[in-house]
file target12.txt (compact mmCIF, C-alpha atoms)
# COMPACT_ATOMS: atom_id res chain seq x y z
CA MET R 1 131.37 186.03 74.84
CA ASP R 2 131.35 189.84 74.69
CA LEU R 3 128.53 192.38 74.59
CA LYS R 4 128.50 195.85 73.05
CA ILE R 5 126.24 198.28 74.90
CA TYR R 6 125.03 201.46 73.24
CA PRO R 7 124.05 204.72 74.95
CA SER R 8 120.29 204.54 75.41
CA GLU R 9 117.60 205.66 77.83
CA LEU R 10 115.78 203.14 80.00
CA SER R 11 112.09 203.48 80.76
CA GLY R 12 109.11 201.36 81.72
CA PHE R 13 108.56 198.76 84.43
CA VAL R 14 110.93 196.07 85.70
CA GLU R 15 110.42 193.58 88.51
CA ALA R 16 113.35 192.44 90.62
CA PRO R 17 114.06 188.70 90.51
CA PRO R 18 113.55 186.52 93.61
CA SER R 19 116.23 186.54 96.30
CA LYS R 20 119.18 184.26 95.64
CA SER R 21 120.22 184.25 99.31
CA LEU R 22 116.77 183.23 100.52
CA THR R 23 116.37 180.59 97.81
CA HIS R 24 119.62 178.85 98.86
CA ARG R 25 118.60 178.79 102.52
CA ALA R 26 115.04 177.65 101.86
CA LEU R 27 116.17 174.79 99.60
CA ILE R 28 118.59 173.48 102.21
CA ALA R 29 116.13 173.81 105.10
CA ALA R 30 113.44 172.05 103.06
CA ALA R 31 115.84 169.19 102.26
CA PHE R 32 116.46 168.72 106.00
CA SER R 33 112.72 168.61 106.77
CA LEU R 34 111.00 165.21 106.73
CA GLY R 35 108.06 165.67 104.35
CA LEU R 36 106.96 168.01 101.57
CA SER R 37 107.83 171.71 101.60
CA VAL R 38 106.81 174.30 99.03
CA ILE R 39 109.17 177.06 97.95
CA ASN R 40 107.14 179.75 96.21
CA HIS R 41 108.71 182.29 93.84
CA PRO R 42 112.24 180.79 93.88
CA LEU R 43 115.18 182.08 91.89
CA ILE R 44 116.58 179.68 89.30
CA CYS R 45 120.08 180.73 88.29
CA GLU R 46 123.52 179.12 88.04
CA ASP R 47 124.19 179.45 91.77
CA THR R 48 120.89 178.05 92.99
CA GLN R 49 121.04 175.29 90.36
CA ALA R 50 124.29 174.17 92.02
CA THR R 51 122.44 173.80 95.32
CA ILE R 52 119.51 172.07 93.61
CA LYS R 53 121.78 169.57 91.84
CA SER R 54 123.69 168.87 95.05
CA LEU R 55 120.46 168.15 96.93
CA GLN R 56 119.22 165.90 94.14
CA ASN R 57 122.49 163.98 94.31
CA LEU R 58 121.77 163.42 98.01
CA GLY R 59 118.48 161.76 97.10
CA VAL R 60 116.22 164.73 97.88
CA ASP R 61 113.15 164.86 95.62
CA LEU R 62 112.49 168.20 93.93
CA THR R 63 109.53 168.79 91.62
CA PHE R 64 109.51 171.99 89.59
CA TYR R 65 106.46 174.03 88.65
CA GLU R 66 106.12 177.39 86.95
CA ASP R 67 106.17 179.43 90.15
CA HIS R 68 107.20 177.02 92.90
CA ILE R 69 109.28 173.99 93.85
CA VAL R 70 108.06 171.08 95.96
CA VAL R 71 110.89 169.60 98.02
CA GLY R 72 110.63 166.15 99.57
CA GLY R 73 112.97 166.30 102.53
CA LYS R 74 114.62 163.21 104.01
CA LYS R 75 116.29 162.20 107.26
CA ALA R 76 118.54 159.66 105.56
CA LEU R 77 120.59 161.25 102.80
CA THR R 78 122.37 159.22 100.14
CA ASN R 79 126.12 159.56 99.62
CA PRO R 80 126.42 159.90 95.84
CA LYS R 81 130.10 158.86 95.90
CA LYS R 82 130.83 161.61 93.40
CA PRO R 83 131.65 165.30 93.85
CA PHE R 84 128.84 167.75 94.49
CA PRO R 85 128.75 170.31 91.64
CA CYS R 86 129.08 173.74 93.18
CA HIS R 87 130.68 175.33 90.06
CA GLU R 88 131.11 179.01 91.09
CA SER R 89 128.65 178.93 94.00
CA ALA R 90 130.46 179.59 97.28
CA SER R 91 127.02 179.64 98.93
CA THR R 92 126.41 176.00 97.99
CA LEU R 93 129.76 174.84 99.32
CA ARG R 94 129.78 176.85 102.53
CA MET R 95 126.13 176.38 103.48
CA LEU R 96 125.95 172.66 102.72
CA GLY R 97 129.41 171.60 103.86
CA PRO R 98 128.94 171.56 107.66
CA ALA R 99 125.71 169.51 107.56
CA LEU R 100 127.05 167.09 104.95
CA SER R 101 129.95 166.28 107.27
CA VAL R 102 127.36 164.99 109.76
CA PHE R 103 125.48 162.79 107.29
CA LEU R 104 128.30 161.50 105.08
CA ASP R 105 131.60 159.76 105.70
CA GLY R 106 133.68 161.83 103.36
CA PHE R 107 132.52 163.79 100.34
CA ALA R 108 133.82 166.17 97.71
CA PHE R 109 132.86 169.36 95.91
CA GLN R 110 133.72 170.14 92.32
CA GLY R 111 134.14 173.77 91.30
CA SER R 112 136.42 176.34 89.74
CA ASP R 113 139.99 177.02 90.83
CA TYR R 114 139.07 180.53 91.88
CA LEU R 115 136.15 179.33 94.00
CA PHE R 116 138.35 177.00 96.03
CA ASP R 117 140.97 179.69 96.46
CA ARG R 118 138.22 181.90 97.93
CA VAL R 119 136.93 179.36 100.45
CA LYS R 120 140.17 177.63 101.43
CA LYS R 121 141.17 179.90 104.28
CA SER R 122 137.88 179.86 106.18
CA TYR R 123 137.44 176.10 105.96
CA HIS R 124 140.93 175.31 107.16
CA SER R 125 140.99 177.77 110.02
CA GLU R 126 137.50 177.48 111.51
CA LEU R 127 135.83 174.12 110.94
CA LYS R 128 137.73 172.17 113.57
CA GLY R 129 137.43 168.40 113.20
CA LEU R 130 137.24 168.46 109.41
CA LYS R 131 140.10 167.59 107.11
CA ILE R 132 140.10 169.40 103.80
CA SER R 133 142.33 168.31 100.93
CA ARG R 134 142.65 169.59 97.40
CA GLU R 135 144.28 166.81 95.44
CA GLN R 136 142.98 168.18 92.16
CA LYS R 137 142.63 171.83 91.17
CA ASN R 138 138.86 171.66 90.76
CA ILE R 139 137.98 169.12 93.48
CA VAL R 140 138.05 169.56 97.25
CA THR R 141 137.59 166.52 99.49
CA ILE R 142 136.24 166.85 103.04
CA SER R 143 136.45 164.18 105.73
CA GLY R 144 136.19 164.01 109.51
CA LYS R 145 133.46 165.17 111.88
CA LEU R 146 132.49 168.39 113.63
CA SER R 147 133.04 167.12 117.16
CA GLU R 148 134.03 170.24 119.10
CA LYS R 149 131.70 171.68 121.75
CA ASP R 150 132.61 175.27 120.96
CA TYR R 151 133.16 176.79 117.53
CA TYR R 152 134.58 180.27 117.08
CA LEU R 153 133.58 181.55 113.66
CA SER R 154 134.75 184.83 112.20
CA GLY R 155 132.55 186.95 109.96
CA GLU R 156 135.44 189.14 108.90
CA THR R 157 135.55 187.80 105.34
CA THR R 158 132.18 186.06 104.92
CA SER R 159 129.08 185.09 106.87
CA GLN R 160 128.36 182.01 104.75
CA ILE R 161 130.39 179.58 106.88
CA ILE R 162 128.39 180.80 109.88
CA THR R 163 125.16 180.21 107.97
CA GLY R 164 126.25 176.66 107.20
CA MET R 165 127.04 175.99 110.85
CA ILE R 166 123.76 177.51 112.04
CA MET R 167 121.82 175.26 109.66
CA ALA R 168 123.86 172.23 110.78
CA LEU R 169 123.42 172.88 114.53
CA PRO R 170 120.35 170.61 114.96
CA PHE R 171 122.49 167.69 113.71
CA LEU R 172 125.52 168.36 115.91
CA ALA R 173 125.98 167.20 119.50
CA VAL R 174 123.56 168.72 121.98
CA GLY R 175 125.30 171.60 123.68
CA THR R 176 127.39 172.65 120.70
CA VAL R 177 127.86 176.42 120.86
CA LEU R 178 128.64 178.85 118.05
CA HIS R 179 130.64 181.89 119.12
CA LEU R 180 130.65 184.66 116.54
CA GLU R 181 133.64 186.92 116.05
CA ASP R 182 133.80 190.15 114.04
CA ILE R 183 130.04 189.86 113.47
CA THR R 184 126.79 189.65 115.48
CA ILE R 185 123.45 187.93 115.09
CA GLN R 186 122.06 191.29 113.96
CA ASN R 187 124.06 191.00 110.73
CA PRO R 188 121.47 190.86 107.91
CA TYR R 189 122.70 187.54 106.50
CA ILE R 190 122.94 185.87 109.91
CA ASN R 191 119.49 187.13 110.83
CA MET R 192 118.11 185.91 107.50
CA THR R 193 119.46 182.42 108.19
CA ILE R 194 117.97 182.35 111.68
CA GLN R 195 114.59 183.50 110.39
CA VAL R 196 114.51 180.86 107.63
CA CYS R 197 115.37 178.15 110.17
CA LEU R 198 112.62 179.47 112.44
CA LYS R 199 110.17 179.27 109.52
CA PHE R 200 111.10 175.59 109.17
CA GLY R 201 110.59 174.93 112.88
CA VAL R 202 114.15 175.30 114.21
CA ASN R 203 114.73 177.77 117.02
CA PHE R 204 117.82 178.92 118.84
CA LEU R 205 118.93 180.34 122.16
CA PHE R 206 120.94 183.55 122.22
CA PRO R 207 122.78 184.12 125.53
CA ASP R 208 124.18 187.28 123.93
CA ASN R 209 124.38 188.81 120.47
CA GLN R 210 127.44 186.74 119.49
CA THR R 211 126.46 183.31 120.80
CA ILE R 212 124.07 180.79 119.20
CA ILE R 213 122.84 177.52 120.72
CA TRP R 214 120.26 175.21 119.17
CA ASP R 215 117.04 174.85 121.16
CA GLU R 216 116.96 171.03 121.27
CA ARG R 217 113.18 170.99 121.67
CA THR R 218 112.88 172.03 118.00
CA GLY R 219 113.77 170.54 114.62
CA TYR R 220 113.27 170.95 110.89
CA THR R 221 109.64 170.53 109.83
CA PRO R 222 108.17 170.98 106.34
CA THR R 223 106.45 174.24 105.50
CA SER R 224 105.55 176.64 102.69
CA ILE R 225 107.74 179.69 102.20
CA PHE R 226 107.61 182.64 99.80
CA ILE R 227 110.90 184.00 98.45
CA GLU R 228 110.77 187.77 98.43
CA ASP R 229 112.27 189.97 95.71
CA ASP R 230 116.04 190.32 95.63
CA PHE R 231 117.20 193.76 96.72
CA SER R 232 120.79 192.92 95.77
CA ASN R 233 119.66 192.79 92.13
CA ALA R 234 116.90 195.39 92.43
CA ALA R 235 119.69 197.78 93.42
CA PHE R 236 121.00 197.86 89.85
CA TRP R 237 117.65 199.02 88.46
CA LEU R 238 117.18 201.47 91.32
CA GLY R 239 120.62 202.85 90.56
CA ALA R 240 119.73 203.16 86.88
CA SER R 241 116.50 204.99 87.76
CA CYS R 242 118.55 207.79 89.34
CA PHE R 243 119.40 208.84 85.77
CA ASN R 244 116.44 207.31 83.89
CA HIS R 245 113.52 208.92 85.66
CA ASP R 246 110.80 207.06 83.73
CA LEU R 247 112.05 203.71 85.01
CA ARG R 248 109.86 202.01 87.64
CA VAL R 249 111.20 199.19 89.78
CA ARG R 250 109.11 196.54 91.51
CA ALA R 251 110.82 195.35 94.70
CA SER R 252 108.17 194.35 97.21
CA ALA R 253 108.63 193.33 100.88
CA SER R 254 108.83 196.44 103.03
CA ASP R 255 109.82 194.26 105.99
CA SER R 256 112.55 192.48 104.05
CA LEU R 257 115.11 190.36 105.89
CA GLN R 258 117.72 191.32 103.31
CA GLY R 259 120.45 193.73 104.28
CA ASP R 260 120.59 195.14 100.75
CA VAL R 261 117.28 196.90 101.28
CA ALA R 262 119.73 199.49 102.62
CA ILE R 263 120.14 200.65 99.00
CA PHE R 264 117.37 203.16 99.69
CA ASP R 265 119.19 204.63 102.67
CA PHE R 266 122.46 204.82 100.75
CA LEU R 267 120.86 206.57 97.78
CA LYS R 268 119.07 208.95 100.13
CA THR R 269 122.39 209.81 101.75
CA MET R 270 123.76 210.46 98.25
CA GLY R 271 120.84 212.81 97.54
CA ILE R 272 118.17 210.68 95.81
CA SER R 273 114.65 209.98 97.08
CA PHE R 274 112.00 207.63 95.69
CA GLN R 275 108.24 207.42 95.55
CA ASN R 276 106.94 204.10 96.85
CA ASP R 277 103.56 202.90 95.58
CA LYS R 278 103.04 199.55 97.34
CA GLY R 279 106.44 198.24 96.34
CA ASP R 280 106.70 200.03 92.99
CA PHE R 281 109.56 202.50 93.24
CA ARG R 282 110.08 205.53 91.03
CA TYR R 283 112.63 208.33 91.18
CA SER R 284 111.20 211.31 93.04
CA GLN R 285 113.85 214.00 93.28
CA GLY R 286 117.48 214.85 93.90
CA GLN R 287 120.88 214.29 92.36
CA ILE R 288 123.98 212.42 93.43
CA GLY R 289 126.24 214.63 95.52
CA ASP R 290 128.83 214.35 98.26
CA ALA R 291 128.36 211.42 100.65
CA THR R 292 130.18 208.96 102.88
CA LEU R 293 128.81 205.40 102.99
CA ASP R 294 129.78 202.27 104.93
CA ILE R 295 129.09 198.93 103.21
CA THR R 296 130.64 196.67 105.86
CA GLU R 297 127.31 194.88 106.38
CA THR R 298 126.20 195.07 102.73
CA PRO R 299 129.24 194.43 100.50
CA ASP R 300 127.17 193.32 97.48
CA LEU R 301 126.03 196.92 97.06
CA GLY R 302 129.59 198.15 96.55
CA PRO R 303 129.74 197.91 92.72
CA ILE R 304 126.40 199.61 92.01
CA LEU R 305 127.02 202.38 94.56
CA ALA R 306 130.40 203.09 92.96
CA ALA R 307 128.80 203.12 89.50
CA VAL R 308 126.05 205.52 90.57
CA ALA R 309 128.56 207.75 92.35
CA SER R 310 130.66 207.99 89.17
CA LEU R 311 127.75 209.83 87.48
CA GLY R 312 127.20 212.27 90.32
CA THR R 313 128.20 215.85 90.93
CA GLY R 314 130.40 215.45 93.98
CA THR R 315 132.70 213.08 95.85
CA VAL R 316 131.42 209.84 97.35
CA ILE R 317 133.52 207.87 99.81
CA ILE R 318 132.60 204.20 100.27
CA ARG R 319 134.06 202.69 103.43
CA GLY R 320 134.20 199.05 104.54
CA ILE R 321 135.29 197.62 101.18
CA ASP R 322 137.60 194.91 102.55
CA LYS R 323 135.04 192.12 102.04
CA LEU R 324 134.88 192.96 98.33
CA SER R 325 138.20 191.18 97.83
CA TYR R 326 136.61 187.84 98.82
CA LYS R 327 133.85 187.88 96.20
CA GLU R 328 133.72 186.46 92.65
CA SER R 329 136.44 188.98 91.91
CA ASN R 330 138.18 191.63 93.95
CA ARG R 331 135.20 193.87 93.37
CA ALA R 332 136.78 197.09 94.57
CA VAL R 333 139.58 196.70 92.02
CA SER R 334 137.21 195.35 89.33
CA ILE R 335 134.71 198.22 89.51
CA GLN R 336 137.51 200.77 89.81
CA ASP R 337 139.10 199.42 86.64
CA GLY R 338 135.80 199.39 84.72
CA ILE R 339 134.70 202.89 85.71
CA ASN R 340 138.14 204.38 85.10
CA ARG R 341 138.35 202.76 81.65
CA LEU R 342 135.04 204.42 80.82
CA GLY R 343 136.48 207.78 81.81
CA GLY R 344 135.55 207.96 85.49
CA ASN R 345 137.64 208.72 88.54
CA VAL R 346 137.83 206.05 91.23
CA LYS R 347 140.65 205.68 93.74
CA ILE R 348 141.22 203.04 96.41
CA GLU R 349 142.88 204.01 99.67
CA GLU R 350 143.14 201.28 102.31
CA ASN R 351 139.58 200.23 103.22
CA ARG R 352 137.71 202.79 101.13
CA MET R 353 136.89 203.83 97.58
CA ILE R 354 136.83 207.50 96.63
CA ILE R 355 134.67 208.28 93.60
CA GLN R 356 134.66 211.69 91.97
CA GLY R 357 131.44 212.21 90.04
CA ASN R 358 131.72 213.08 86.36
CA HIS R 359 128.05 213.18 85.22
CA GLN R 360 128.94 211.82 81.77
CA LEU R 361 131.56 209.23 80.90
CA GLU R 362 133.41 208.76 77.63
CA GLY R 363 132.95 205.05 76.83
CA GLY R 364 134.33 203.82 73.53
CA CYS R 365 136.43 201.05 75.07
CA GLU R 366 136.42 197.47 76.34
CA VAL R 367 135.85 196.75 80.02
CA GLU R 368 136.48 193.49 81.86
CA SER R 369 133.74 191.63 83.69
CA TYR R 370 136.31 189.72 85.76
CA ASN R 371 133.80 186.86 85.48
CA ASP R 372 131.71 188.67 88.09
CA HIS R 373 127.95 189.04 87.66
CA ARG R 374 127.68 192.18 89.79
CA ILE R 375 130.45 193.95 87.89
CA VAL R 376 128.62 193.25 84.60
CA MET R 377 125.34 194.70 85.88
CA ALA R 378 126.94 197.71 87.56
CA LEU R 379 128.83 198.71 84.41
CA SER R 380 125.78 198.15 82.21
CA ILE R 381 123.72 200.84 83.91
CA LEU R 382 126.40 203.41 82.99
CA ALA R 383 125.80 203.06 79.23
CA GLY R 384 123.06 205.68 79.08
CA ASN R 385 125.48 208.28 80.43
CA CYS R 386 128.38 207.41 78.12
CA LYS R 387 129.16 209.37 74.96
CA LEU R 388 130.15 206.23 73.06
CA PRO R 389 129.18 202.55 73.22
CA PHE R 390 131.48 200.15 75.05
CA VAL R 391 132.08 196.40 75.21
CA ILE R 392 131.81 194.21 78.30
CA ARG R 393 133.94 191.11 78.00
CA ASN R 394 132.51 187.75 79.18
CA PHE R 395 129.11 189.23 79.93
CA LEU R 396 127.50 185.80 80.42
CA SER R 397 128.83 185.72 83.97
CA VAL R 398 125.59 187.57 84.73
CA ASN R 399 123.89 184.15 84.62
CA LYS R 400 125.28 183.42 88.06
CA SER R 401 122.45 185.38 89.71
CA TYR R 402 120.30 187.06 87.04
CA PRO R 403 120.06 185.05 83.79
CA ASN R 404 117.51 187.32 82.10
CA PHE R 405 119.13 190.63 83.10
CA PHE R 406 119.83 191.68 79.51
CA ASP R 407 116.41 190.52 78.32
CA GLU R 408 114.93 192.95 80.82
CA TYR R 409 117.50 195.58 79.86
CA GLN R 410 116.41 195.44 76.23
CA LYS R 411 112.70 195.50 77.11
CA LEU R 412 113.38 198.77 78.93
CA GLY R 413 114.95 200.28 75.82
CA GLY R 414 118.58 199.31 76.26
CA LYS R 415 120.46 198.57 73.06
CA VAL R 416 123.00 195.74 73.03
CA GLU R 417 124.80 193.59 70.50
CA VAL R 418 126.65 190.33 71.00
CA VAL R 419 130.03 190.84 69.31
CA ALA R 420 131.95 187.66 70.06

call {"tool": "encode", "arguments": {"input": "target12.txt", "output": "structure tokens"}}
result
Amino acid sequence: MDLKIYPSELSGFVEAPPSKSLTHRALIAAAFSLGLSVINHPLICEDTQATIKSLQNLGVDLTFYEDHIVVGGKKALTNPKKPFPCHESASTLRMLGPALSVFLDGFAFQGSDYLFDRVKKSYHSELKGLKISREQKNIVTISGKLSEKDYYLSGETTSQIITGMIMALPFLAVGTVLHLEDITIQNPYINMTIQVCLKFGVNFLFPDNQTIIWDERTGYTPTSIFIEDDFSNAAFWLGASCFNHDLRVRASASDSLQGDVAIFDFLKTMGISFQNDKGDFRYSQGQIGDATLDITETPDLGPILAAVASLGTGTVIIRGIDKLSYKESNRAVSIQDGINRLGGNVKIEENRMIIQGNHQLEGGCEVESYNDHRIVMALSILAGNCKLPFVIRNFLSVNKSYPNFFDEYQKLGGKVEVVA
């Protein structure tokens, strides 16, 4: 299904949705805790629904209320004898997989061809003791046990496998050690995982900043947790506010665990500052100019930073884009294609994007979503600075993380039309 977006100004107030990353982790930790846990302010989207359905298939009780979920965790999980539905959610597969291998004697995930192509390399090369087979295009079967004493996990392409192993540590043999490569425990996503586990009663020992050992005196215990606002998605509205100065963005949690809170630092480096009124952010001053950014630790910000840079007055260089090729699409190529079709100027050279600002783009064309939610949102915020309307193909991929994005967009004054 395609969407035509017309040039229009955005104004008013928008609140960022809850964090997808934190919701995944909290759901899994709650399922491992014996008793009732409460997850307040969760995000319900296609990705988190995949985790929810997988946990329900394991026999975990989940009760849904307007603003929270009550999770009845269990020690004995049921093998459903049917594939777990992860659809397009790499988070579900990678974060659940290691622990499921402890509880179940063989299991399978069902998902898209592209998803399994994305995760194949890391599973085969790093999870020693597990046998992974793909007898059907959309089903991956996992058997075996994690029986090694030392696991060497690389964060070069993704941190999600590491998250899955961290969350599984309390169920592995005492003395199992995780050795991190190409990443440290200070990485925002690794730190987020550790902090969620700590909230649920699990603690770890850190001999150094690349080694993790479970503190065997601790274990998962039920608790109540609040899911803070998602800065990965707030970033799109914050980017839009750089050119729509009457747009206010609610993104509370000044002490956020999320790495993508770095959006403020990146925009400041590019020349934009914000007023902060207790978590309500409004454009203060500045314009996008020359800047060099490094998104190695925050790859999800790549598309929106490139989009914002394309409307600037100078040249922005975005380094550390290699991880973008392991996302829902090759996001460096996807956002380059979209911006350039609209009349922008984006080049890719090795591990960096070079964006020449153009202030106003032409539009009047079709752009591909590449079935990637973040590409859809990044391109959408460019409409107000295009001369002509343009069409985003397969815009419903936005449901992966932000189902009501275009409802909010229209409330703010954006004009759209479903055309196919």

call {"tool": "residues_around", "arguments": {"input": "target12.txt", "residues": "region 28-42 of chain R", "least_positions_apart": "4", "cutoff": "6 Å", "atoms": "all atoms listed in the file", "output": "list in words"}}
result
Pro18, Thr23, Asp67, His68, Ile69, Val70, Val71, Gly72, Gly73, Lys74, Tyr220, Thr221, Pro222, Thr223, Ser224, Ile225, Phe226 and Ile227 of chain R

call {"tool": "write_last_selection", "arguments": {"input": "target12.txt", "atoms": "C-alpha atoms", "output": "PDB file, in the coordinates of the input"}}
result
ATOM      1  CA  PRO R  18     113.550 186.520  93.610  1.00  0.00           C
ATOM      2  CA  THR R  23     116.370 180.590  97.810  1.00  0.00           C
ATOM      3  CA  ASP R  67     106.170 179.430  90.150  1.00  0.00           C
ATOM      4  CA  HIS R  68     107.200 177.020  92.900  1.00  0.00           C
ATOM      5  CA  ILE R  69     109.280 173.990  93.850  1.00  0.00           C
ATOM      6  CA  VAL R  70     108.060 171.080  95.960  1.00  0.00           C
ATOM      7  CA  VAL R  71     110.890 169.600  98.020  1.00  0.00           C
ATOM      8  CA  GLY R  72     110.630 166.150  99.570  1.00  0.00           C
ATOM      9  CA  GLY R  73     112.970 166.300 102.530  1.00  0.00           C
ATOM     10  CA  LYS R  74     114.620 163.210 104.010  1.00  0.00           C
ATOM     11  CA  TYR R 220     113.270 170.950 110.890  1.00  0.00           C
ATOM     12  CA  THR R 221     109.640 170.530 109.830  1.00  0.00           C
ATOM     13  CA  PRO R 222     108.170 170.980 106.340  1.00  0.00           C
ATOM     14  CA  THR R 223     106.450 174.240 105.500  1.00  0.00           C
ATOM     15  CA  SER R 224     105.550 176.640 102.690  1.00  0.00           C
ATOM     16  CA  ILE R 225     107.740 179.690 102.200  1.00  0.00           C
ATOM     17  CA  PHE R 226     107.610 182.640  99.800  1.00  0.00           C
ATOM     18  CA  ILE R 227     110.900 184.000  98.450  1.00  0.00           C
TER      19      ILE R 227
END

call {"tool": "closest_residue", "arguments": {"input": "target12.txt", "among": "R:Arg374, R:Glu88, R:Gln195, R:Leu342", "to": "Val391 (chain R)", "atoms": "all atoms listed in the file"}}
result
R:Leu342

call {"tool": "residues_around", "arguments": {"input": "target12.txt", "residues": "Pro17 (chain R)", "least_positions_apart": "5", "cutoff": "8 Å", "atoms": "only C-alpha atoms", "output": "ChimeraX atom specification"}}
result
/R:43,229-230,233-234,402

call {"tool": "closest_residue", "arguments": {"input": "target12.txt", "among": "R:Ala383, R:Leu22, R:Ala99, R:Ala173", "to": "Ile190 (chain R)", "atoms": "only C-alpha atoms"}}
result
R:Leu22

call {"tool": "closest_residue", "arguments": {"input": "target12.txt", "among": "R:Val102, R:Ile348, R:Val398, R:Ala240", "to": "Glu9 (chain R)", "atoms": "only C-alpha atoms"}}
result
R:Ala240

call {"tool": "residues_around", "arguments": {"input": "target12.txt", "residues": "Ser143 (chain R)", "least_positions_apart": "3", "cutoff": "12 Å", "atoms": "all atoms listed in the file", "output": "ChimeraX atom specification"}}
result
/R:97-98,100-109,123,127-134,140,146
